[in-house]
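Shown next: data.csv, given as CSV, N, CA and C atoms and all ligand atoms.
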```csv
chain,number,residue,atom,x,y,z
A,200,MET,N,51.3,-46.0,-114.1
A,200,MET,CA,52.2,-45.6,-115.2
A,200,MET,C,51.4,-45.4,-116.5
A,201,LYS,N,51.5,-44.3,-117.1
A,201,LYS,CA,50.8,-44.0,-118.3
A,201,LYS,C,51.6,-44.4,-119.6
A,202,GLN,N,50.8,-44.6,-120.7
A,202,GLN,CA,51.5,-45.0,-122.0
A,202,GLN,C,52.6,-44.1,-122.4
A,203,LYS,N,52.3,-42.8,-122.1
A,203,LYS,CA,53.3,-41.8,-122.6
A,203,LYS,C,54.6,-41.9,-121.8
A,204,ASP,N,54.5,-42.5,-120.6
A,204,ASP,CA,55.7,-42.7,-119.8
A,204,ASP,C,56.5,-44.0,-120.2
A,205,ILE,N,55.8,-44.9,-120.9
A,205,ILE,CA,56.5,-46.1,-121.4
A,205,ILE,C,57.1,-46.0,-122.7
A,206,TYR,N,56.4,-45.2,-123.6
A,206,TYR,CA,56.8,-45.1,-125.0
A,206,TYR,C,57.5,-43.8,-125.3
A,207,SER,N,58.4,-43.8,-126.3
A,207,SER,CA,59.1,-42.6,-126.7
A,207,SER,C,58.1,-41.6,-127.3
A,208,LYS,N,58.5,-40.4,-127.5
A,208,LYS,CA,57.7,-39.3,-128.1
A,208,LYS,C,57.4,-39.7,-129.5
A,209,GLU,N,58.3,-40.3,-130.2
A,209,GLU,CA,58.1,-40.7,-131.6
A,209,GLU,C,57.0,-41.8,-131.7
A,210,ILE,N,57.1,-42.8,-130.8
A,210,ILE,CA,56.1,-43.8,-130.8
A,210,ILE,C,54.7,-43.2,-130.6
A,211,MET,N,54.6,-42.4,-129.6
A,211,MET,CA,53.3,-41.7,-129.3
A,211,MET,C,52.8,-40.9,-130.5
A,212,LYS,N,53.8,-40.2,-131.1
A,212,LYS,CA,53.4,-39.3,-132.3
A,212,LYS,C,52.8,-40.2,-133.4
A,213,TYR,N,53.5,-41.3,-133.7
A,213,TYR,CA,53.0,-42.1,-134.8
A,213,TYR,C,51.7,-42.9,-134.4
A,214,PHE,N,51.6,-43.3,-133.2
A,214,PHE,CA,50.5,-44.0,-132.7
A,214,PHE,C,49.2,-43.1,-132.7
A,215,LEU,N,49.4,-41.9,-132.2
A,215,LEU,CA,48.2,-41.0,-132.1
A,215,LEU,C,47.8,-40.4,-133.5
A,216,LYS,N,48.8,-40.2,-134.3
A,216,LYS,CA,48.5,-39.6,-135.7
A,216,LYS,C,49.2,-40.4,-136.7
A,217,PRO,N,48.8,-41.6,-136.9
A,217,PRO,CA,49.5,-42.5,-137.9
A,217,PRO,C,49.3,-42.0,-139.3
A,218,LYS,N,50.4,-42.1,-140.1
A,218,LYS,CA,50.4,-41.7,-141.5
A,218,LYS,C,50.0,-42.9,-142.4
A,219,ASN,N,49.4,-42.6,-143.6
A,219,ASN,CA,49.2,-43.6,-144.6
A,219,ASN,C,48.3,-44.7,-144.2
A,220,VAL,N,47.3,-44.4,-143.3
A,220,VAL,CA,46.4,-45.5,-142.9
A,220,VAL,C,45.3,-45.6,-144.0
A,221,GLY,N,44.8,-46.8,-144.2
A,221,GLY,CA,43.7,-47.0,-145.1
A,221,GLY,C,43.8,-48.1,-146.0
A,222,VAL,N,42.8,-48.3,-146.8
A,222,VAL,CA,42.7,-49.4,-147.8
A,222,VAL,C,43.1,-48.8,-149.2
A,223,MET,N,43.9,-49.6,-149.9
A,223,MET,CA,44.2,-49.1,-151.3
A,223,MET,C,43.5,-50.0,-152.3
A,224,LYS,N,42.8,-49.4,-153.2
A,224,LYS,CA,42.2,-50.2,-154.3
A,224,LYS,C,43.2,-50.2,-155.4
A,225,ASN,N,43.2,-51.2,-156.2
A,225,ASN,CA,44.1,-51.3,-157.3
A,225,ASN,C,45.6,-51.4,-156.9
A,226,TYR,N,45.8,-52.0,-155.8
A,226,TYR,CA,47.2,-52.2,-155.3
A,226,TYR,C,48.0,-53.1,-156.2
A,227,ASP,N,49.3,-53.0,-156.2
A,227,ASP,CA,50.1,-54.0,-156.9
A,227,ASP,C,50.6,-55.1,-156.1
A,228,GLY,N,50.7,-54.9,-154.8
A,228,GLY,CA,51.2,-55.9,-153.9
A,228,GLY,C,50.5,-55.7,-152.5
A,229,LEU,N,50.2,-56.9,-151.9
A,229,LEU,CA,49.6,-56.8,-150.5
A,229,LEU,C,50.3,-57.8,-149.6
A,230,GLY,N,50.7,-57.3,-148.5
A,230,GLY,CA,51.3,-58.2,-147.4
A,230,GLY,C,50.3,-58.3,-146.3
A,231,LYS,N,49.9,-59.5,-146.0
A,231,LYS,CA,49.0,-59.8,-144.9
A,231,LYS,C,49.7,-60.6,-143.8
A,232,VAL,N,49.9,-60.0,-142.7
A,232,VAL,CA,50.7,-60.8,-141.7
A,232,VAL,C,50.0,-60.7,-140.3
A,233,GLY,N,50.3,-61.6,-139.4
A,233,GLY,CA,49.8,-61.6,-138.1
A,233,GLY,C,50.7,-62.2,-137.1
A,234,ASN,N,50.6,-61.9,-135.9
A,234,ASN,CA,51.4,-62.5,-134.8
A,234,ASN,C,50.4,-63.4,-134.1
A,235,PRO,N,50.7,-64.7,-134.2
A,235,PRO,CA,49.7,-65.7,-133.5
A,235,PRO,C,49.8,-65.6,-132.0
A,236,VAL,N,50.8,-65.1,-131.4
A,236,VAL,CA,50.9,-65.0,-129.9
A,236,VAL,C,50.0,-63.9,-129.4
A,237,CYS,N,50.2,-62.6,-130.0
A,237,CYS,CA,49.4,-61.5,-129.4
A,237,CYS,C,48.1,-61.3,-130.2
A,238,GLY,N,48.0,-61.8,-131.4
A,238,GLY,CA,46.8,-61.7,-132.2
A,238,GLY,C,46.8,-60.4,-133.1
A,239,ASP,N,47.9,-59.6,-133.1
A,239,ASP,CA,47.9,-58.4,-133.9
A,239,ASP,C,48.0,-58.8,-135.4
A,240,VAL,N,47.3,-57.9,-136.2
A,240,VAL,CA,47.3,-58.2,-137.7
A,240,VAL,C,47.6,-56.9,-138.4
A,241,LEU,N,48.4,-57.1,-139.5
A,241,LEU,CA,48.7,-55.9,-140.3
A,241,LEU,C,48.6,-56.2,-141.8
A,242,TRP,N,47.9,-55.4,-142.5
A,242,TRP,CA,47.8,-55.5,-144.0
A,242,TRP,C,48.5,-54.3,-144.6
A,243,LEU,N,49.4,-54.5,-145.5
A,243,LEU,CA,50.2,-53.4,-146.1
A,243,LEU,C,50.0,-53.5,-147.6
A,244,TYR,N,49.6,-52.4,-148.2
A,244,TYR,CA,49.3,-52.3,-149.7
A,244,TYR,C,50.4,-51.5,-150.3
A,245,ILE,N,50.9,-51.9,-151.5
A,245,ILE,CA,51.9,-51.0,-152.2
A,245,ILE,C,51.4,-50.8,-153.6
A,246,LYS,N,51.7,-49.7,-154.1
A,246,LYS,CA,51.5,-49.4,-155.6
A,246,LYS,C,52.9,-49.1,-156.1
A,247,VAL,N,53.2,-49.8,-157.2
A,247,VAL,CA,54.6,-49.7,-157.7
A,247,VAL,C,54.6,-48.9,-159.0
A,248,GLY,N,55.6,-48.0,-159.1
A,248,GLY,CA,55.7,-47.2,-160.3
A,248,GLY,C,57.2,-47.2,-160.8
A,249,VAL,N,57.5,-46.5,-161.8
A,249,VAL,CA,58.8,-46.5,-162.3
A,249,VAL,C,59.3,-45.0,-162.3
A,250,ASP,N,60.5,-44.8,-161.8
A,250,ASP,CA,61.0,-43.4,-161.8
A,250,ASP,C,61.7,-43.0,-163.1
A,251,LYS,N,62.2,-41.8,-163.1
A,251,LYS,CA,62.8,-41.3,-164.4
A,251,LYS,C,64.0,-42.1,-164.8
A,252,ASN,N,64.6,-42.8,-163.9
A,252,ASN,CA,65.8,-43.7,-164.2
A,252,ASN,C,65.4,-45.1,-164.6
A,253,GLY,N,64.1,-45.4,-164.7
A,253,GLY,CA,63.6,-46.7,-165.0
A,253,GLY,C,63.6,-47.6,-163.8
A,254,GLU,N,63.8,-47.1,-162.6
A,254,GLU,CA,63.9,-48.0,-161.4
A,254,GLU,C,62.5,-48.1,-160.8
A,255,LYS,N,62.1,-49.3,-160.4
A,255,LYS,CA,60.8,-49.6,-159.8
A,255,LYS,C,60.8,-49.0,-158.4
A,256,THR,N,59.8,-48.2,-158.1
A,256,THR,CA,59.7,-47.5,-156.8
A,256,THR,C,58.3,-47.8,-156.2
A,257,ILE,N,58.3,-47.5,-154.9
A,257,ILE,CA,57.0,-47.6,-154.2
A,257,ILE,C,56.3,-46.3,-154.3
A,258,LYS,N,55.4,-46.2,-155.2
A,258,LYS,CA,54.7,-45.0,-155.6
A,258,LYS,C,53.8,-44.6,-154.5
A,259,ASP,N,53.1,-45.5,-153.9
A,259,ASP,CA,52.2,-45.2,-152.8
A,259,ASP,C,52.1,-46.5,-151.9
A,260,VAL,N,51.7,-46.2,-150.6
A,260,VAL,CA,51.6,-47.3,-149.6
A,260,VAL,C,50.5,-46.9,-148.6
A,261,LYS,N,49.8,-47.9,-148.2
A,261,LYS,CA,48.8,-47.7,-147.2
A,261,LYS,C,48.8,-49.0,-146.3
A,262,PHE,N,48.3,-48.8,-145.0
A,262,PHE,CA,48.3,-49.9,-144.1
A,262,PHE,C,47.1,-49.9,-143.2
A,263,GLN,N,46.7,-51.1,-142.8
A,263,GLN,CA,45.7,-51.2,-141.7
A,263,GLN,C,46.3,-52.1,-140.7
A,264,THR,N,46.3,-51.6,-139.4
A,264,THR,CA,46.8,-52.5,-138.4
A,264,THR,C,45.8,-52.6,-137.3
A,265,LEU,N,45.5,-53.8,-136.9
A,265,LEU,CA,44.7,-54.1,-135.8
A,265,LEU,C,45.7,-54.6,-134.7
A,266,GLY,N,46.2,-53.7,-133.9
A,266,GLY,CA,47.2,-54.1,-133.0
A,266,GLY,C,47.6,-53.0,-132.0
A,267,CYS,N,48.7,-53.3,-131.3
A,267,CYS,CA,49.2,-52.4,-130.2
A,267,CYS,C,49.7,-51.1,-130.8
A,268,ALA,N,50.0,-50.2,-129.8
A,268,ALA,CA,50.6,-48.9,-130.1
A,268,ALA,C,51.9,-49.0,-130.9
A,269,VAL,N,52.7,-49.9,-130.5
A,269,VAL,CA,54.0,-50.0,-131.2
A,269,VAL,C,53.9,-50.6,-132.6
A,270,ALA,N,52.9,-51.5,-132.8
A,270,ALA,CA,52.7,-52.1,-134.1
A,270,ALA,C,52.2,-51.0,-135.0
A,271,ILE,N,51.3,-50.2,-134.5
A,271,ILE,CA,50.7,-49.1,-135.3
A,271,ILE,C,51.8,-48.1,-135.7
A,272,ALA,N,52.6,-47.7,-134.7
A,272,ALA,CA,53.7,-46.7,-134.9
A,272,ALA,C,54.7,-47.3,-135.9
A,273,ASN,N,55.1,-48.5,-135.8
A,273,ASN,CA,56.0,-49.2,-136.7
A,273,ASN,C,55.5,-49.2,-138.1
A,274,SER,N,54.2,-49.5,-138.2
A,274,SER,CA,53.6,-49.5,-139.6
A,274,SER,C,53.6,-48.2,-140.2
A,275,SER,N,53.3,-47.2,-139.4
A,275,SER,CA,53.3,-45.8,-139.9
A,275,SER,C,54.6,-45.3,-140.3
A,276,VAL,N,55.6,-45.5,-139.4
A,276,VAL,CA,57.0,-45.0,-139.7
A,276,VAL,C,57.5,-45.8,-140.9
A,277,LEU,N,57.2,-47.0,-141.1
A,277,LEU,CA,57.7,-47.8,-142.2
A,277,LEU,C,57.1,-47.2,-143.5
A,278,THR,N,55.8,-46.9,-143.5
A,278,THR,CA,55.3,-46.3,-144.8
A,278,THR,C,56.0,-45.0,-145.2
A,279,GLU,N,56.3,-44.2,-144.2
A,279,GLU,CA,57.0,-43.0,-144.5
A,279,GLU,C,58.4,-43.2,-145.0
A,280,MET,N,59.0,-44.3,-144.5
A,280,MET,CA,60.4,-44.6,-144.9
A,280,MET,C,60.5,-45.2,-146.3
A,281,ILE,N,59.4,-45.8,-146.7
A,281,ILE,CA,59.5,-46.5,-148.1
A,281,ILE,C,58.8,-45.7,-149.2
A,282,LYS,N,57.9,-44.8,-148.8
A,282,LYS,CA,57.1,-44.1,-149.9
A,282,LYS,C,58.1,-43.4,-150.8
A,283,GLY,N,58.0,-43.6,-152.1
A,283,GLY,CA,58.8,-43.0,-153.1
A,283,GLY,C,60.2,-43.6,-153.3
A,284,LYS,N,60.5,-44.6,-152.5
A,284,LYS,CA,61.8,-45.3,-152.5
A,284,LYS,C,61.8,-46.4,-153.5
A,285,PRO,N,63.0,-46.7,-154.1
A,285,PRO,CA,63.1,-47.9,-155.0
A,285,PRO,C,62.8,-49.2,-154.2
A,286,LEU,N,62.2,-50.1,-154.9
A,286,LEU,CA,61.9,-51.4,-154.2
A,286,LEU,C,63.2,-52.0,-153.6
A,287,LYS,N,64.3,-52.0,-154.4
A,287,LYS,CA,65.5,-52.6,-153.9
A,287,LYS,C,66.0,-52.0,-152.5
A,288,GLN,N,65.8,-50.6,-152.4
A,288,GLN,CA,66.2,-49.9,-151.2
A,288,GLN,C,65.2,-50.3,-150.1
A,289,ALA,N,63.9,-50.4,-150.4
A,289,ALA,CA,63.0,-50.8,-149.3
A,289,ALA,C,63.2,-52.2,-148.8
A,290,MET,N,63.7,-53.1,-149.7
A,290,MET,CA,64.0,-54.5,-149.3
A,290,MET,C,65.1,-54.5,-148.3
A,291,LYS,N,66.0,-53.5,-148.4
A,291,LYS,CA,67.2,-53.6,-147.5
A,291,LYS,C,66.9,-53.0,-146.1
A,292,LEU,N,65.7,-52.4,-145.9
A,292,LEU,CA,65.4,-51.9,-144.5
A,292,LEU,C,65.3,-53.1,-143.6
A,293,THR,N,65.7,-52.8,-142.3
A,293,THR,CA,65.6,-53.9,-141.3
A,293,THR,C,64.8,-53.4,-140.1
A,294,GLN,N,64.5,-54.3,-139.3
A,294,GLN,CA,63.8,-54.0,-138.0
A,294,GLN,C,64.5,-53.0,-137.2
A,295,LYS,N,65.9,-53.1,-137.3
A,295,LYS,CA,66.7,-52.1,-136.5
A,295,LYS,C,66.5,-50.7,-137.0
A,296,ASP,N,66.3,-50.5,-138.3
A,296,ASP,CA,66.1,-49.2,-138.8
A,296,ASP,C,64.8,-48.6,-138.3
A,297,LEU,N,63.7,-49.4,-138.1
A,297,LEU,CA,62.5,-48.9,-137.6
A,297,LEU,C,62.6,-48.6,-136.1
A,298,ILE,N,63.3,-49.4,-135.4
A,298,ILE,CA,63.5,-49.2,-133.9
A,298,ILE,C,64.3,-47.9,-133.7
A,299,LYS,N,65.3,-47.7,-134.5
A,299,LYS,CA,66.2,-46.5,-134.4
A,299,LYS,C,65.3,-45.3,-134.6
A,300,LYS,N,64.4,-45.3,-135.6
A,300,LYS,CA,63.6,-44.2,-135.9
A,300,LYS,C,62.6,-43.9,-134.8
A,301,LEU,N,62.1,-44.9,-134.2
A,301,LEU,CA,61.1,-44.8,-133.1
A,301,LEU,C,61.7,-44.4,-131.7
A,302,GLY,N,63.0,-44.6,-131.6
A,302,GLY,CA,63.5,-44.3,-130.3
A,302,GLY,C,63.4,-45.4,-129.3
A,303,ASN,N,63.1,-45.1,-128.1
A,303,ASN,CA,63.1,-46.1,-127.0
A,303,ASN,C,61.9,-47.1,-127.1
A,304,VAL,N,62.1,-48.3,-127.7
A,304,VAL,CA,61.1,-49.3,-127.8
A,304,VAL,C,61.3,-50.3,-126.7
A,305,PRO,N,60.3,-50.4,-125.8
A,305,PRO,CA,60.5,-51.4,-124.7
A,305,PRO,C,60.8,-52.8,-125.2
A,306,PRO,N,61.7,-53.5,-124.4
A,306,PRO,CA,62.2,-54.8,-124.9
A,306,PRO,C,61.0,-55.8,-125.2
A,307,LEU,N,59.9,-55.7,-124.4
A,307,LEU,CA,58.8,-56.6,-124.6
A,307,LEU,C,58.0,-56.2,-125.9
A,308,LYS,N,58.3,-55.1,-126.5
A,308,LYS,CA,57.6,-54.6,-127.7
A,308,LYS,C,58.5,-54.7,-129.0
A,309,ILE,N,59.7,-55.2,-128.8
A,309,ILE,CA,60.6,-55.3,-130.0
A,309,ILE,C,60.0,-56.2,-131.1
A,310,HIS,N,59.3,-57.2,-130.7
A,310,HIS,CA,58.7,-58.1,-131.7
A,310,HIS,C,57.7,-57.4,-132.6
A,311,CYS,N,57.1,-56.3,-132.1
A,311,CYS,CA,56.1,-55.6,-132.9
A,311,CYS,C,56.6,-55.1,-134.2
A,312,SER,N,57.9,-54.8,-134.3
A,312,SER,CA,58.5,-54.3,-135.5
A,312,SER,C,58.7,-55.4,-136.6
A,313,PHE,N,58.7,-56.6,-136.2
A,313,PHE,CA,58.8,-57.7,-137.1
A,313,PHE,C,57.5,-57.7,-138.0
A,314,LEU,N,56.4,-57.4,-137.4
A,314,LEU,CA,55.1,-57.4,-138.2
A,314,LEU,C,55.2,-56.5,-139.4
A,315,ALA,N,55.7,-55.3,-139.2
A,315,ALA,CA,55.8,-54.3,-140.3
A,315,ALA,C,56.8,-54.8,-141.4
A,316,MET,N,57.9,-55.3,-140.9
A,316,MET,CA,59.0,-55.7,-141.9
A,316,MET,C,58.5,-57.0,-142.7
A,317,ASP,N,57.8,-57.9,-142.0
A,317,ASP,CA,57.2,-59.1,-142.7
A,317,ASP,C,56.2,-58.7,-143.7
A,318,ALA,N,55.3,-57.7,-143.3
A,318,ALA,CA,54.3,-57.2,-144.3
A,318,ALA,C,54.9,-56.6,-145.5
A,319,LEU,N,56.0,-55.8,-145.3
A,319,LEU,CA,56.6,-55.2,-146.5
A,319,LEU,C,57.2,-56.2,-147.4
A,320,LYS,N,57.9,-57.2,-146.8
A,320,LYS,CA,58.5,-58.3,-147.7
A,320,LYS,C,57.4,-59.1,-148.4
A,321,GLU,N,56.3,-59.3,-147.7
A,321,GLU,CA,55.2,-60.1,-148.3
A,321,GLU,C,54.6,-59.3,-149.4
A,322,ALA,N,54.4,-58.0,-149.2
A,322,ALA,CA,53.8,-57.1,-150.3
A,322,ALA,C,54.7,-57.1,-151.5
A,323,ILE,N,56.0,-57.0,-151.3
A,323,ILE,CA,56.9,-56.9,-152.5
A,323,ILE,C,56.9,-58.3,-153.2
A,324,ASN,N,56.9,-59.4,-152.4
A,324,ASN,CA,56.9,-60.7,-153.0
A,324,ASN,C,55.6,-60.9,-153.8
A,325,ASP,N,54.5,-60.4,-153.2
A,325,ASP,CA,53.2,-60.5,-153.9
A,325,ASP,C,53.2,-59.8,-155.2
A,326,TYR,N,53.8,-58.6,-155.2
A,326,TYR,CA,53.9,-57.9,-156.5
A,326,TYR,C,54.8,-58.6,-157.5
A,327,GLU,N,56.0,-59.1,-157.0
A,327,GLU,CA,56.9,-59.8,-157.9
A,327,GLU,C,56.2,-61.1,-158.5
A,328,SER,N,55.5,-61.8,-157.6
A,328,SER,CA,54.9,-63.1,-158.1
A,328,SER,C,53.8,-62.8,-159.1
A,329,LYS,N,53.1,-61.7,-159.0
A,329,LYS,CA,52.0,-61.4,-160.0
A,329,LYS,C,52.6,-61.1,-161.4
A,330,LYS,N,53.9,-60.6,-161.4
A,330,LYS,CA,54.5,-60.2,-162.7
A,330,LYS,C,54.9,-61.5,-163.5
A,331,LYS,N,55.1,-62.6,-162.8
A,331,LYS,CA,55.6,-63.8,-163.5
A,331,LYS,C,54.5,-64.4,-164.3
B,401,LIG,FE1,51.6,-57.8,-130.9
B,401,LIG,FE2,52.7,-55.4,-130.6
B,401,LIG,S1,51.9,-56.7,-129.0
B,401,LIG,S2,52.5,-56.6,-132.4
```

Could I get this structure in the form of structure tokens?
Amino acid sequence: MKQKDIYSKEIMKYFLKPKNVGVMKNYDGLGKVGNPVCGDVLWLYIKVGVDKNGEKTIKDVKFQTLGCAVAIANSSVLTEMIKGKPLKQAMKLTQKDLIKKLGNVPPLKIHCSFLAMDALKEAINDYESKKK
């Protein structure tokens, strides 16, 4: 059985051509998370700006994932979902939103989406803690 038979088209699309990959210099928040069971690691960088209504938004986002196809696809789709969005809105995203966007995620790979959500929350917390 090939990977393309296991994963949805969306997972394969984001895995093969991930968006917003890379290191961000001068980031405002960084989330560094890992899964001790499988060993996958994700770093998520955010740059925060203020929109015309005075609301804090995620102006830019980058990620580096050393992990499985689903972890990479989740990281990529998350960055697309949060880029340009208000921080408050990004904080309301859930693992279910990612899975819905990616389509058919195999049950054994559901845990992979926790990595992206945890990294986002940690990056926002990092940003908030630096402001204090
Ligand atoms: Fe570890 Fe996917 S197998 S995050």

Next on the checklist: Please return as a ChimeraX atom specification the residues found within 7 Å of ligand LIG 401 (chain B), counting only C-alpha atoms and all ligand atoms.
Outcome noted: /A:234,237-239,266-270,308,310-311,314

Item to check | d(atom CA of Asn225 of chain A, atom CA of Asp296 of chain A) in Å | outcome: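 Spanning atom CA of Asn225 of chain A to atom CA of Asp296 of chain A is a straight-line distance of 28.8 Å.
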
Checklist entry - So which residues touch Val260 of chain A within 7 Å, counting all atoms listed in the file, skipping near sequence neighbours fewer than 3 positions away, as a ChimeraX atom specification? => result /A:219-220,243-246,257,278,282-283

Output file for the selection above: N, CA and C atoms, as a PDB file, keeping the file's coordinate frame:
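This is the output file selection-v6.pdb:
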```pdb
ATOM      1  N   ASN A 219      49.400 -42.600-143.600  1.00  0.00           N
ATOM      2  CA  ASN A 219      49.200 -43.600-144.600  1.00  0.00           C
ATOM      3  C   ASN A 219      48.300 -44.700-144.200  1.00  0.00           C
ATOM      4  N   VAL A 220      47.300 -44.400-143.300  1.00  0.00           N
ATOM      5  CA  VAL A 220      46.400 -45.500-142.900  1.00  0.00           C
ATOM      6  C   VAL A 220      45.300 -45.600-144.000  1.00  0.00           C
ATOM      7  N   LEU A 243      49.400 -54.500-145.500  1.00  0.00           N
ATOM      8  CA  LEU A 243      50.200 -53.400-146.100  1.00  0.00           C
ATOM      9  C   LEU A 243      50.000 -53.500-147.600  1.00  0.00           C
ATOM     10  N   TYR A 244      49.600 -52.400-148.200  1.00  0.00           N
ATOM     11  CA  TYR A 244      49.300 -52.300-149.700  1.00  0.00           C
ATOM     12  C   TYR A 244      50.400 -51.500-150.300  1.00  0.00           C
ATOM     13  N   ILE A 245      50.900 -51.900-151.500  1.00  0.00           N
ATOM     14  CA  ILE A 245      51.900 -51.000-152.200  1.00  0.00           C
ATOM     15  C   ILE A 245      51.400 -50.800-153.600  1.00  0.00           C
ATOM     16  N   LYS A 246      51.700 -49.700-154.100  1.00  0.00           N
ATOM     17  CA  LYS A 246      51.500 -49.400-155.600  1.00  0.00           C
ATOM     18  C   LYS A 246      52.900 -49.100-156.100  1.00  0.00           C
ATOM     19  N   ILE A 257      58.300 -47.500-154.900  1.00  0.00           N
ATOM     20  CA  ILE A 257      57.000 -47.600-154.200  1.00  0.00           C
ATOM     21  C   ILE A 257      56.300 -46.300-154.300  1.00  0.00           C
ATOM     22  N   THR A 278      55.800 -46.900-143.500  1.00  0.00           N
ATOM     23  CA  THR A 278      55.300 -46.300-144.800  1.00  0.00           C
ATOM     24  C   THR A 278      56.000 -45.000-145.200  1.00  0.00           C
ATOM     25  N   LYS A 282      57.900 -44.800-148.800  1.00  0.00           N
ATOM     26  CA  LYS A 282      57.100 -44.100-149.900  1.00  0.00           C
ATOM     27  C   LYS A 282      58.100 -43.400-150.800  1.00  0.00           C
ATOM     28  N   GLY A 283      58.000 -43.600-152.100  1.00  0.00           N
ATOM     29  CA  GLY A 283      58.800 -43.000-153.100  1.00  0.00           C
ATOM     30  C   GLY A 283      60.200 -43.600-153.300  1.00  0.00           C
TER      31      GLY A 283
END
```

Item to check | For Gly228 of chain A, the nearest of the candidates A:Val247, A:Met280, A:Ile205, A:Leu292, counting only C-alpha atoms | outcome: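 Selected residue with least distance to Gly228 of chain A: A:Val247.
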
Checklist entry - Contacts of Glu321 of chain A at 7 Å or less, counting only C-alpha atoms, minus same-chain residues fewer than 4 places along, as a ChimeraX atom specification? => result /A:229-230,317,325

Out of chain A, which residues get strand (DSSP E) from DSSP, as a JSON list (two decimals) with N, CA and C atoms, in the coordinates of the input?
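Output file selection_27.json follows:
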```
[["chain", "number", "residue", "atom", "x", "y", "z"],
["A", 228, "GLY", "N", 50.70, -54.90, -154.80],
["A", 228, "GLY", "CA", 51.20, -55.90, -153.90],
["A", 228, "GLY", "C", 50.50, -55.70, -152.50],
["A", 229, "LEU", "N", 50.20, -56.90, -151.90],
["A", 229, "LEU", "CA", 49.60, -56.80, -150.50],
["A", 229, "LEU", "C", 50.30, -57.80, -149.60],
["A", 230, "GLY", "N", 50.70, -57.30, -148.50],
["A", 230, "GLY", "CA", 51.30, -58.20, -147.40],
["A", 230, "GLY", "C", 50.30, -58.30, -146.30],
["A", 231, "LYS", "N", 49.90, -59.50, -146.00],
["A", 231, "LYS", "CA", 49.00, -59.80, -144.90],
["A", 231, "LYS", "C", 49.70, -60.60, -143.80],
["A", 232, "VAL", "N", 49.90, -60.00, -142.70],
["A", 232, "VAL", "CA", 50.70, -60.80, -141.70],
["A", 232, "VAL", "C", 50.00, -60.70, -140.30],
["A", 233, "GLY", "N", 50.30, -61.60, -139.40],
["A", 233, "GLY", "CA", 49.80, -61.60, -138.10],
["A", 233, "GLY", "C", 50.70, -62.20, -137.10],
["A", 240, "VAL", "N", 47.30, -57.90, -136.20],
["A", 240, "VAL", "CA", 47.30, -58.20, -137.70],
["A", 240, "VAL", "C", 47.60, -56.90, -138.40],
["A", 241, "LEU", "N", 48.40, -57.10, -139.50],
["A", 241, "LEU", "CA", 48.70, -55.90, -140.30],
["A", 241, "LEU", "C", 48.60, -56.20, -141.80],
["A", 242, "TRP", "N", 47.90, -55.40, -142.50],
["A", 242, "TRP", "CA", 47.80, -55.50, -144.00],
["A", 242, "TRP", "C", 48.50, -54.30, -144.60],
["A", 243, "LEU", "N", 49.40, -54.50, -145.50],
["A", 243, "LEU", "CA", 50.20, -53.40, -146.10],
["A", 243, "LEU", "C", 50.00, -53.50, -147.60],
["A", 244, "TYR", "N", 49.60, -52.40, -148.20],
["A", 244, "TYR", "CA", 49.30, -52.30, -149.70],
["A", 244, "TYR", "C", 50.40, -51.50, -150.30],
["A", 245, "ILE", "N", 50.90, -51.90, -151.50],
["A", 245, "ILE", "CA", 51.90, -51.00, -152.20],
["A", 245, "ILE", "C", 51.40, -50.80, -153.60],
["A", 246, "LYS", "N", 51.70, -49.70, -154.10],
["A", 246, "LYS", "CA", 51.50, -49.40, -155.60],
["A", 246, "LYS", "C", 52.90, -49.10, -156.10],
["A", 247, "VAL", "N", 53.20, -49.80, -157.20],
["A", 247, "VAL", "CA", 54.60, -49.70, -157.70],
["A", 247, "VAL", "C", 54.60, -48.90, -159.00],
["A", 248, "GLY", "N", 55.60, -48.00, -159.10],
["A", 248, "GLY", "CA", 55.70, -47.20, -160.30],
["A", 248, "GLY", "C", 57.20, -47.20, -160.80],
["A", 249, "VAL", "N", 57.50, -46.50, -161.80],
["A", 249, "VAL", "CA", 58.80, -46.50, -162.30],
["A", 249, "VAL", "C", 59.30, -45.00, -162.30],
["A", 255, "LYS", "N", 62.10, -49.30, -160.40],
["A", 255, "LYS", "CA", 60.80, -49.60, -159.80],
["A", 255, "LYS", "C", 60.80, -49.00, -158.40],
["A", 256, "THR", "N", 59.80, -48.20, -158.10],
["A", 256, "THR", "CA", 59.70, -47.50, -156.80],
["A", 256, "THR", "C", 58.30, -47.80, -156.20],
["A", 257, "ILE", "N", 58.30, -47.50, -154.90],
["A", 257, "ILE", "CA", 57.00, -47.60, -154.20],
["A", 257, "ILE", "C", 56.30, -46.30, -154.30],
["A", 258, "LYS", "N", 55.40, -46.20, -155.20],
["A", 258, "LYS", "CA", 54.70, -45.00, -155.60],
["A", 258, "LYS", "C", 53.80, -44.60, -154.50],
["A", 259, "ASP", "N", 53.10, -45.50, -153.90],
["A", 259, "ASP", "CA", 52.20, -45.20, -152.80],
["A", 259, "ASP", "C", 52.10, -46.50, -151.90],
["A", 260, "VAL", "N", 51.70, -46.20, -150.60],
["A", 260, "VAL", "CA", 51.60, -47.30, -149.60],
["A", 260, "VAL", "C", 50.50, -46.90, -148.60],
["A", 261, "LYS", "N", 49.80, -47.90, -148.20],
["A", 261, "LYS", "CA", 48.80, -47.70, -147.20],
["A", 261, "LYS", "C", 48.80, -49.00, -146.30],
["A", 262, "PHE", "N", 48.30, -48.80, -145.00],
["A", 262, "PHE", "CA", 48.30, -49.90, -144.10],
["A", 262, "PHE", "C", 47.10, -49.90, -143.20],
["A", 263, "GLN", "N", 46.70, -51.10, -142.80],
["A", 263, "GLN", "CA", 45.70, -51.20, -141.70],
["A", 263, "GLN", "C", 46.30, -52.10, -140.70],
["A", 264, "THR", "N", 46.30, -51.60, -139.40],
["A", 264, "THR", "CA", 46.80, -52.50, -138.40],
["A", 264, "THR", "C", 45.80, -52.60, -137.30],
["A", 265, "LEU", "N", 45.50, -53.80, -136.90],
["A", 265, "LEU", "CA", 44.70, -54.10, -135.80],
["A", 265, "LEU", "C", 45.70, -54.60, -134.70]]
```

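Between atom CA of Leu241 of chain A and atom CA of Leu297 of chain A there is a distance of 15.7 Å.
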